[in-house]
>>> print(open('work04.txt').read())   # compact mmCIF, C-alpha atoms
# COMPACT_ATOMS: atom_id res chain seq x y z
CA MET F 1359 -4.11 -69.10 -10.64
CA ALA F 1360 -0.97 -68.94 -8.54
CA ILE F 1361 1.50 -66.10 -8.76
CA THR F 1362 5.06 -67.12 -8.10
CA LYS F 1363 7.95 -64.85 -7.25
CA PRO F 1364 10.79 -64.91 -9.80
CA ALA F 1365 13.74 -66.91 -8.76
CA PRO F 1366 16.89 -65.05 -7.71
CA HIS F 1367 18.82 -66.31 -10.73
CA GLU F 1368 16.07 -65.00 -13.06
CA GLU F 1369 16.24 -61.53 -11.48
CA GLY F 1370 20.01 -61.51 -11.90
CA ALA F 1371 19.64 -62.44 -15.55
CA ARG F 1372 17.22 -59.60 -16.11
CA ALA F 1373 19.58 -57.15 -14.45
CA ASP F 1374 22.39 -58.33 -16.74
CA ARG F 1375 20.20 -57.64 -19.79
CA GLY F 1376 19.32 -54.10 -18.46
CA GLU F 1377 15.73 -55.01 -17.61
CA THR F 1378 14.05 -53.86 -14.43
CA SER F 1379 11.02 -55.23 -12.73
CA ALA F 1380 8.37 -52.68 -11.78
CA ALA F 1381 7.45 -52.42 -8.13
CA PRO F 1382 3.89 -53.25 -7.19
CA PRO F 1383 1.60 -50.21 -7.41
CA SER F 1384 0.74 -50.39 -3.73
CA ALA F 1385 4.33 -50.33 -2.58
CA ALA F 1386 5.31 -47.00 -0.98
CA SER F 1387 8.66 -45.64 -2.02
CA PRO F 1388 10.76 -44.62 0.96
CA GLU F 1389 11.73 -40.93 1.45
CA GLU F 1390 14.96 -39.90 -0.15
CA PRO F 1391 17.68 -39.64 2.47
CA GLY F 1392 18.84 -36.08 3.15
CA ARG F 1393 15.72 -34.46 1.69
CA LEU F 1394 14.92 -31.06 3.30
CA THR F 1395 11.34 -31.08 4.53
CA SER F 1396 9.26 -28.37 6.22
CA PRO F 1397 9.36 -29.99 9.69
CA LEU F 1398 13.13 -30.31 9.38
CA VAL F 1399 13.49 -26.62 8.42
CA LEU F 1400 11.28 -25.57 11.35
CA THR F 1401 13.34 -27.71 13.72
CA ILE F 1402 16.60 -26.20 12.46
CA VAL F 1403 15.24 -22.65 12.85
CA LEU F 1404 14.04 -23.33 16.40
CA VAL F 1405 17.38 -24.86 17.37
CA LEU F 1406 19.24 -21.85 15.96
CA LEU F 1407 16.96 -19.46 17.84
CA VAL F 1408 17.64 -21.29 21.07
CA LEU F 1409 21.40 -21.38 20.51
CA LEU F 1410 21.58 -17.72 19.41
CA GLN F 1411 19.04 -16.30 21.85
CA SER F 1412 21.60 -14.17 23.71
CA PRO F 1413 22.97 -12.28 20.66
CA ILE F 1414 19.44 -11.97 19.24
CA ARG F 1415 18.22 -10.49 22.53
CA ARG F 1416 21.11 -8.00 22.59
CA ALA F 1417 20.44 -6.98 18.97
CA LEU F 1418 16.73 -6.43 19.59
CA SER F 1419 17.39 -4.40 22.73
CA ALA F 1420 19.56 -1.90 20.84
CA PRO F 1421 18.01 1.60 20.56
CA VAL F 1422 18.02 1.46 16.75
CA MET F 1423 16.08 -1.80 16.69
CA GLN F 1424 13.63 -0.56 19.31
CA SER F 1425 13.00 2.54 17.19
CA TRP F 1426 12.60 0.39 14.07
CA THR F 1427 10.13 -1.92 15.79
CA THR F 1428 8.11 1.00 17.17
CA VAL F 1429 7.77 2.71 13.78
CA PHE F 1430 7.00 -0.53 11.95
CA VAL F 1431 4.29 -1.59 14.39
CA ALA F 1432 2.83 1.93 14.48
CA VAL F 1433 2.56 2.18 10.69
CA VAL F 1434 0.99 -1.26 10.32
CA VAL F 1435 -1.41 -0.85 13.25
CA GLN F 1436 -2.52 2.59 12.02
CA ALA F 1437 -2.99 1.50 8.44
CA LEU F 1438 -4.38 -2.02 8.75
CA PRO F 1439 -7.94 -1.12 9.89
CA PHE F 1440 -8.34 1.30 7.02
CA LEU F 1441 -6.82 -1.19 4.61
CA VAL F 1442 -9.48 -3.69 5.68
CA LEU F 1443 -12.14 -0.99 5.25
CA GLY F 1444 -10.90 -0.28 1.74
CA VAL F 1445 -10.83 -3.98 0.89
CA LEU F 1446 -14.43 -4.39 2.07
CA LEU F 1447 -15.53 -1.39 0.01
CA SER F 1448 -13.60 -2.68 -2.98
CA ALA F 1449 -15.24 -6.10 -2.74
CA ALA F 1450 -18.68 -4.53 -2.31
CA ILE F 1451 -18.15 -2.39 -5.41
CA ALA F 1452 -16.87 -5.35 -7.43
CA VAL F 1453 -19.73 -7.70 -6.47
CA TYR F 1454 -22.82 -5.70 -5.58
CA VAL F 1455 -22.60 -2.47 -7.58
CA PRO F 1456 -23.56 -2.80 -11.27
CA PRO F 1457 -21.22 -1.18 -13.78
CA SER F 1458 -24.05 0.98 -15.10
CA PHE F 1459 -24.19 2.84 -11.75
CA PHE F 1460 -20.89 4.63 -12.34
CA ALA F 1461 -21.87 5.59 -15.85
CA ARG F 1462 -24.90 7.35 -14.37
CA ALA F 1463 -23.15 8.82 -11.31
CA LEU F 1464 -20.19 10.43 -13.09
CA PRO F 1465 -20.29 12.85 -16.01
CA SER F 1466 -19.58 11.28 -19.36
CA ARG F 1467 -16.84 13.80 -20.11
CA PRO F 1468 -13.62 12.79 -18.31
CA ALA F 1469 -12.67 16.44 -17.72
CA LEU F 1470 -15.83 16.87 -15.62
CA ALA F 1471 -15.68 13.41 -14.05
CA VAL F 1472 -12.30 14.23 -12.44
CA PRO F 1473 -13.50 16.99 -10.06
CA VAL F 1474 -16.71 15.09 -9.28
CA ALA F 1475 -14.67 12.03 -8.30
CA GLY F 1476 -12.30 14.24 -6.33
CA MET F 1477 -15.17 15.71 -4.34
CA ALA F 1478 -16.55 12.20 -3.80
CA GLY F 1479 -13.41 11.45 -1.83
CA ALA F 1480 -14.77 13.63 0.96
CA VAL F 1481 -17.33 10.97 1.94
CA LEU F 1482 -14.92 8.04 2.51
CA PRO F 1483 -13.77 7.90 6.17
CA GLY F 1484 -10.45 6.21 5.47
CA CYS F 1485 -6.78 6.81 4.75
CA GLU F 1486 -4.59 6.18 1.73
CA CYS F 1487 -4.52 2.44 2.42
CA ALA F 1488 -8.29 2.30 1.89
CA SER F 1489 -8.30 4.41 -1.27
CA VAL F 1490 -5.94 2.19 -3.31
CA PRO F 1491 -8.14 -0.95 -3.52
CA VAL F 1492 -11.27 1.19 -3.95
CA ALA F 1493 -9.70 3.06 -6.88
CA GLY F 1494 -8.70 -0.27 -8.41
CA ALA F 1495 -12.30 -1.50 -8.16
CA LEU F 1496 -13.56 1.71 -9.79
CA VAL F 1497 -11.26 1.24 -12.79
CA ARG F 1498 -12.30 -2.40 -13.12
CA ARG F 1499 -15.92 -1.25 -13.12
CA GLY F 1500 -15.38 1.02 -16.11
CA VAL F 1501 -14.66 4.37 -14.43
CA THR F 1502 -12.19 6.43 -16.41
CA PRO F 1503 -8.72 6.08 -14.81
CA ALA F 1504 -8.33 9.85 -14.50
CA ALA F 1505 -11.42 10.07 -12.26
CA ALA F 1506 -10.42 7.01 -10.22
CA LEU F 1507 -6.94 8.44 -9.62
CA ALA F 1508 -8.41 11.79 -8.55
CA PHE F 1509 -10.51 9.89 -6.03
CA LEU F 1510 -7.46 7.90 -4.88
CA LEU F 1511 -5.55 11.11 -4.09
CA SER F 1512 -8.36 13.19 -2.59
CA ALA F 1513 -10.09 10.62 -0.35
CA PRO F 1514 -7.27 10.30 2.23
CA ALA F 1515 -6.87 14.08 2.63
CA ILE F 1516 -10.32 15.69 2.54
CA ASN F 1517 -12.60 13.19 4.27
CA PRO F 1518 -14.38 14.40 7.43
CA ILE F 1519 -12.21 12.43 9.88
CA VAL F 1520 -8.99 13.91 8.53
CA LEU F 1521 -10.33 17.47 8.45
CA THR F 1522 -11.66 17.11 12.00
CA ALA F 1523 -8.27 15.82 13.18
CA THR F 1524 -6.59 18.79 11.47
CA ALA F 1525 -8.90 21.22 13.26
CA VAL F 1526 -8.13 19.60 16.61
CA ALA F 1527 -4.37 19.60 15.93
CA PHE F 1528 -4.32 23.29 14.91
CA PRO F 1529 -6.77 24.99 17.30
CA ARG F 1530 -5.02 28.37 16.91
CA ASN F 1531 -4.80 28.12 13.12
CA PRO F 1532 -8.26 27.14 11.83
CA GLU F 1533 -7.24 28.29 8.36
CA MET F 1534 -5.14 25.12 8.10
CA VAL F 1535 -8.33 23.07 7.65
CA LEU F 1536 -9.45 25.08 4.64
CA ALA F 1537 -5.91 25.22 3.26
CA ARG F 1538 -5.55 21.44 3.49
CA PHE F 1539 -8.90 20.87 1.80
CA VAL F 1540 -8.21 23.28 -1.06
CA ALA F 1541 -4.59 22.24 -1.66
CA SER F 1542 -5.37 18.50 -1.58
CA LEU F 1543 -8.40 18.77 -3.87
CA LEU F 1544 -6.46 20.99 -6.28
CA ALA F 1545 -3.55 18.52 -6.46
CA ALA F 1546 -5.88 15.54 -6.92
CA CYS F 1547 -7.81 17.17 -9.76
CA ALA F 1548 -4.64 18.45 -11.42
CA MET F 1549 -3.18 14.94 -11.36
CA GLY F 1550 -6.39 13.49 -12.77
CA TRP F 1551 -6.42 15.99 -15.62
CA LEU F 1552 -2.71 15.39 -16.26
CA TRP F 1553 -3.32 11.64 -16.51
CA GLN F 1554 -6.28 12.23 -18.82
CA ARG F 1555 -4.07 14.22 -21.17
CA LEU F 1556 -0.75 12.36 -20.99
CA GLY F 1557 -1.49 8.96 -19.44
CA ARG F 1558 -1.35 5.79 -21.50
CA THR F 1559 -3.41 2.64 -21.09
CA ASP F 1560 -0.38 0.33 -21.11
CA TRP F 1561 1.05 2.15 -18.07
CA LEU F 1562 -1.85 0.99 -15.91
CA ARG F 1563 -2.04 -2.67 -14.93
CA LEU F 1564 -4.79 -4.04 -12.73
CA PRO F 1565 -4.71 -7.41 -10.94
CA GLU F 1566 -6.97 -9.97 -12.52
CA HIS F 1567 -9.80 -11.23 -10.36
CA ALA F 1568 -11.47 -14.59 -10.64
CA PRO F 1569 -14.77 -14.39 -12.50
CA HIS F 1570 -16.56 -16.19 -9.60
CA GLU F 1571 -18.74 -18.06 -12.03
CA GLY F 1572 -21.39 -20.18 -10.35
CA GLU F 1573 -20.81 -18.57 -6.94
CA THR F 1574 -23.33 -16.65 -4.89
CA LYS F 1575 -22.70 -12.96 -4.33
CA GLY F 1576 -21.75 -13.65 -0.73
CA ALA F 1577 -19.12 -16.20 -1.71
CA ALA F 1578 -17.79 -13.93 -4.46
CA PHE F 1579 -17.59 -11.05 -1.95
CA TRP F 1580 -15.47 -12.98 0.55
CA ASP F 1581 -13.26 -14.42 -2.20
CA SER F 1582 -12.55 -10.89 -3.36
CA VAL F 1583 -11.84 -9.77 0.24
CA ARG F 1584 -9.35 -12.58 0.80
CA HIS F 1585 -7.61 -11.86 -2.49
CA ASP F 1586 -7.21 -8.12 -1.82
CA VAL F 1587 -6.15 -8.53 1.82
CA MET F 1588 -3.33 -10.88 0.85
CA HIS F 1589 -2.35 -8.75 -2.16
CA ALA F 1590 -2.42 -5.25 -0.63
CA GLY F 1591 -1.43 -6.37 2.87
CA GLY F 1592 1.88 -7.75 1.68
CA PHE F 1593 2.83 -4.47 0.05
CA LEU F 1594 1.74 -2.59 3.17
CA VAL F 1595 4.22 -4.61 5.22
CA VAL F 1596 7.01 -3.97 2.70
CA GLY F 1597 6.34 -0.23 2.77
CA ALA F 1598 6.17 -0.17 6.57
CA MET F 1599 9.52 -1.97 6.79
CA ALA F 1600 11.14 0.60 4.47
CA ALA F 1601 9.64 3.51 6.42
CA ALA F 1602 10.83 2.08 9.74
CA THR F 1603 14.35 1.53 8.38
CA LEU F 1604 14.69 5.10 7.13
CA LYS F 1605 13.17 6.57 10.29
CA ALA F 1606 15.49 4.59 12.55
CA VAL F 1607 18.70 5.68 10.82
CA ALA F 1608 17.81 9.30 9.99
CA PRO F 1609 19.45 11.93 12.27
CA GLU F 1610 17.25 14.41 14.14
CA SER F 1611 19.47 17.50 13.99
CA TRP F 1612 18.89 18.11 10.28
CA LEU F 1613 15.30 19.29 10.93
CA ARG F 1614 16.47 22.31 12.91
CA THR F 1615 18.93 23.27 10.19
CA ALA F 1616 16.42 22.86 7.37
CA ALA F 1617 13.73 25.00 9.03
CA ASP F 1618 15.83 28.16 8.68
CA ASN F 1619 15.46 28.25 4.87
CA PRO F 1620 11.80 28.56 3.65
CA ALA F 1621 12.35 26.70 0.38
CA VAL F 1622 14.41 23.96 2.01
CA ALA F 1623 11.83 23.71 4.81
CA VAL F 1624 9.01 22.92 2.37
CA LEU F 1625 11.06 20.32 0.53
CA THR F 1626 12.29 18.83 3.80
CA LEU F 1627 8.82 18.30 5.24
CA ALA F 1628 7.57 16.97 1.90
CA VAL F 1629 10.35 14.36 1.87
CA LEU F 1630 9.75 13.65 5.56
CA ALA F 1631 6.08 12.97 4.84
CA VAL F 1632 7.12 10.39 2.25
CA ILE F 1633 9.58 8.72 4.62
CA LEU F 1634 7.44 8.63 7.76
CA SER F 1635 4.41 7.17 5.96
CA ILE F 1636 2.02 8.30 8.69
CA CYS F 1637 -1.67 7.55 8.34
CA SER F 1638 -3.63 10.62 7.24
CA GLU F 1639 -5.79 10.45 10.36
CA ALA F 1640 -2.69 11.02 12.53
CA ASP F 1641 -0.36 13.18 10.42
CA ALA F 1642 -1.91 16.50 11.51
CA PHE F 1643 -0.72 15.98 15.07
CA VAL F 1644 2.82 15.27 13.86
CA ALA F 1645 2.74 18.39 11.68
CA ALA F 1646 1.47 20.50 14.59
CA SER F 1647 4.41 19.37 16.71
CA LEU F 1648 6.93 20.66 14.13
CA THR F 1649 6.65 24.21 15.45
CA GLN F 1650 10.06 25.26 14.10
CA PHE F 1651 8.63 25.12 10.55
CA SER F 1652 6.27 27.60 8.88
CA LEU F 1653 2.57 26.87 8.32
CA THR F 1654 3.19 26.55 4.58
CA ALA F 1655 5.90 23.96 5.11
CA ARG F 1656 3.62 22.02 7.44
CA LEU F 1657 0.84 22.28 4.87
CA ALA F 1658 3.17 20.63 2.34
CA PHE F 1659 3.65 17.81 4.85
CA LEU F 1660 -0.13 17.36 5.13
CA VAL F 1661 -0.75 17.46 1.37
CA VAL F 1662 2.12 15.22 0.24
CA GLY F 1663 1.81 12.50 2.91
CA PRO F 1664 -1.67 11.16 2.05
CA MET F 1665 -0.85 11.18 -1.69
CA ILE F 1666 2.58 9.60 -1.86
CA ASP F 1667 4.61 7.85 0.83
CA LEU F 1668 6.63 4.65 1.01
CA LYS F 1669 3.82 2.27 1.89
CA LEU F 1670 1.46 3.95 -0.57
CA PHE F 1671 4.05 3.68 -3.35
CA ALA F 1672 4.44 -0.03 -2.60
CA MET F 1673 0.67 -0.56 -2.62
CA GLN F 1674 0.24 1.40 -5.87
CA ALA F 1675 3.00 -0.65 -7.48
CA GLY F 1676 1.32 -3.85 -6.36
CA THR F 1677 -2.15 -2.79 -7.49
CA PHE F 1678 -1.52 -0.84 -10.68
CA GLY F 1679 1.96 -2.02 -11.68
CA ARG F 1680 5.50 -0.84 -11.05
CA GLY F 1681 5.63 1.12 -14.31
CA PHE F 1682 2.59 3.11 -13.26
CA ALA F 1683 3.96 3.85 -9.79
CA LEU F 1684 7.34 5.00 -11.12
CA ARG F 1685 5.59 7.60 -13.29
CA PHE F 1686 2.68 8.48 -11.02
CA ALA F 1687 4.59 9.03 -7.76
CA PRO F 1688 7.09 11.73 -8.93
CA ALA F 1689 4.39 13.68 -10.79
CA THR F 1690 2.10 13.54 -7.74
CA PHE F 1691 4.94 14.65 -5.47
CA LEU F 1692 5.66 17.74 -7.59
CA LEU F 1693 2.00 18.68 -8.03
CA ALA F 1694 1.33 18.28 -4.30
CA ILE F 1695 4.22 20.59 -3.38
CA THR F 1696 3.16 23.16 -6.00
CA SER F 1697 -0.44 23.08 -4.77
CA ALA F 1698 0.66 23.47 -1.14
CA LEU F 1699 2.90 26.43 -1.99
CA LEU F 1700 0.19 28.17 -3.99
CA THR F 1701 -2.50 27.59 -1.38
CA GLY F 1702 -0.20 28.58 1.50
CA TRP F 1703 0.74 31.80 -0.28
CA ILE F 1704 -2.95 32.75 -0.66
CA LEU F 1705 -4.54 31.43 2.56
CA LEU F 1706 -1.72 31.30 5.08
>>> encode(input="work04.txt", output="structure tokens")
Amino acid sequence: MAITKPAPHEEGARADRGETSAAPPSAASPEEPGRLTSPLVLTIVLVLLVLLQSPIRRALSAPVMQSWTTVFVAVVVQALPFLVLGVLLSAAIAVYVPPSFFARALPSRPALAVPVAGMAGAVLPGCECASVPVAGALVRRGVTPAAALAFLLSAPAINPIVLTATAVAFPRNPEMVLARFVASLLAACAMGWLWQRLGRTDWLRLPEHAPHEGETKGAAFWDSVRHDVMHAGGFLVVGAMAAATLKAVAPESWLRTAADNPAVAVLTLAVLAVILSICSEADAFVAASLTQFSLTARLAFLVVGPMIDLKLFAMQAGTFGRGFALRFAPATFLLAITSALLTGWILL
């Protein structure tokens, strides 16, 4: 059977009647003119970078930008290894550890589970970036949120690496090691008990994980790792950018003025710990260098920093929800300062 092409006058008649002839299925429609595609965007960006390279170079060479870049890279480089460690532990807990294990390991009463979980933080060699995904995995595995949050706060401050770094940073004040351990554990347990009494379930939101049905445990493990790295890593970068911005624009003279008043000194170093967002493995050396402040004020710096800082707030908001972080962070800040003051008054 022969297929003939419609005559031109027939096509014109169809057009007059409002009819259209469908194009053959195999015919490829041409690209719409003026459409913005990814290669075009990349080309435009590269051209702009080439044309504006001189002003960009001058802007990046400014002292403020150099300071910003230094702080940003330092925060990310310090935190990223421990973030990866926490992600690996989180994935291992989610895939390989049965939920019944935590029911056996922790006391059934939440009031007793909080200090046990707080003491368990002493065995995790990581910083606050590692504790967030691990605490999220604990809650998903059925651990009471109060105990998981006590672990989240205590692990970055009382693990062996942090206490060893504190001892090295304060060789003439060995009591700082004990004071940091006691004050951090006290604040973590107090926050866990406070959440147990006043916390609400709808304040805590956890990211949903794929069920990994039909996958082997190895495949499920790496899927969980990829998910948490992309999720928590993005918030780490956001927090590091905020910390670098505040550090670059903050004046240096206000530290000397604040150190003269004991109450202002404690509050100043507590706020500074939040802004600097230093990894808990390195913050003791920064605190030791602030010799114009009292030991109690520096203890507040060491207790507050691992529990609440800019990058940690961003990661908590991304993991547990913004509503949780907006309630949890201020309460933790106040309890950490109170614990540091009380411990410093007794031990220092």
>>> closest_residue(input="work04.txt", among="F:Arg1656, F:Arg1530, F:Arg1498, F:Arg1538", to="Ala1515 of chain F", atoms="all atoms listed in the file")
F:Arg1538
>>> closest_residue(input="work04.txt", among="F:Leu1594, F:Gly1663, F:Ala1504, F:Ala1541", to="Arg1467 of chain F", atoms="only C-alpha atoms")
F:Ala1504
>>> residues_near_point(input="work04.txt", point="(13.9, 1.0, 3.2)", cutoff="12 Å", atoms="all atoms listed in the file", output="list in words")
Trp1426, Phe1430, Val1595, Val1596, Gly1597, Ala1598, Met1599, Ala1600, Ala1601, Ala1602, Thr1603, Leu1604, Lys1605, Ala1606, Val1607, Ala1608, Val1632, Ile1633, Leu1634, Ser1635, Asp1667, Leu1668, Lys1669 and Ala1672 of chain F
>>> atom_distance(input="work04.txt", atom1="atom CA of Leu1630 of chain F", atom2="atom CA of Ala1658 of chain F")
10.1 Å
>>> closest_residue(input="work04.txt", among="F:Val1501, F:Thr1401, F:Ala1623, F:Leu1543", to="Ala1463 of chain F", atoms="all atoms listed in the file")
F:Val1501
>>> closest_residue(input="work04.txt", among="F:Trp1551, F:Pro1532, F:Ala1646, F:Pro1514", to="Val1661 of chain F", atoms="only C-alpha atoms")
F:Pro1514
>>> closest_residue(input="work04.txt", among="F:Trp1703, F:Phe1459, F:Trp1553, F:Trp1561", to="Leu1657 of chain F", atoms="only C-alpha atoms")
F:Trp1703
>>> atom_distance(input="work04.txt", atom1="atom CA of Cys1547 of chain F", atom2="atom CA of Gly1681 of chain F")
21.4 Å
>>> atom_distance(input="work04.txt", atom1="atom CA of Pro1473 of chain F", atom2="atom CA of Ser1512 of chain F")
9.8 Å
>>> residues_around(input="work04.txt", residues="Ala1508 of chain F", least_positions_apart="2", cutoff="10 Å", atoms="all atoms listed in the file", output="list in words")
Ala1471, Val1472, Pro1473, Val1474, Ala1475, Gly1476, Met1477, Ala1478, Gly1479, Ala1493, Pro1503, Ala1504, Ala1505, Ala1506, Leu1510, Leu1511, Ser1512, Ala1513, Leu1543, Leu1544, Ala1545, Ala1546, Cys1547, Ala1548, Met1549, Gly1550, Trp1551 and Trp1553 of chain F
>>> closest_residue(input="work04.txt", among="F:Leu1409, F:Ala1450, F:Ser1489, F:Ser1419", to="Gly1576 of chain F", atoms="all atoms listed in the file")
F:Ala1450
>>> residues_near_point(input="work04.txt", point="(-1.3, -3.4, 9.2)", cutoff="12 Å", atoms="all atoms listed in the file", output="ChimeraX atom specification")
/F:1429-1443,1487-1488,1587-1588,1590-1599,1637,1669
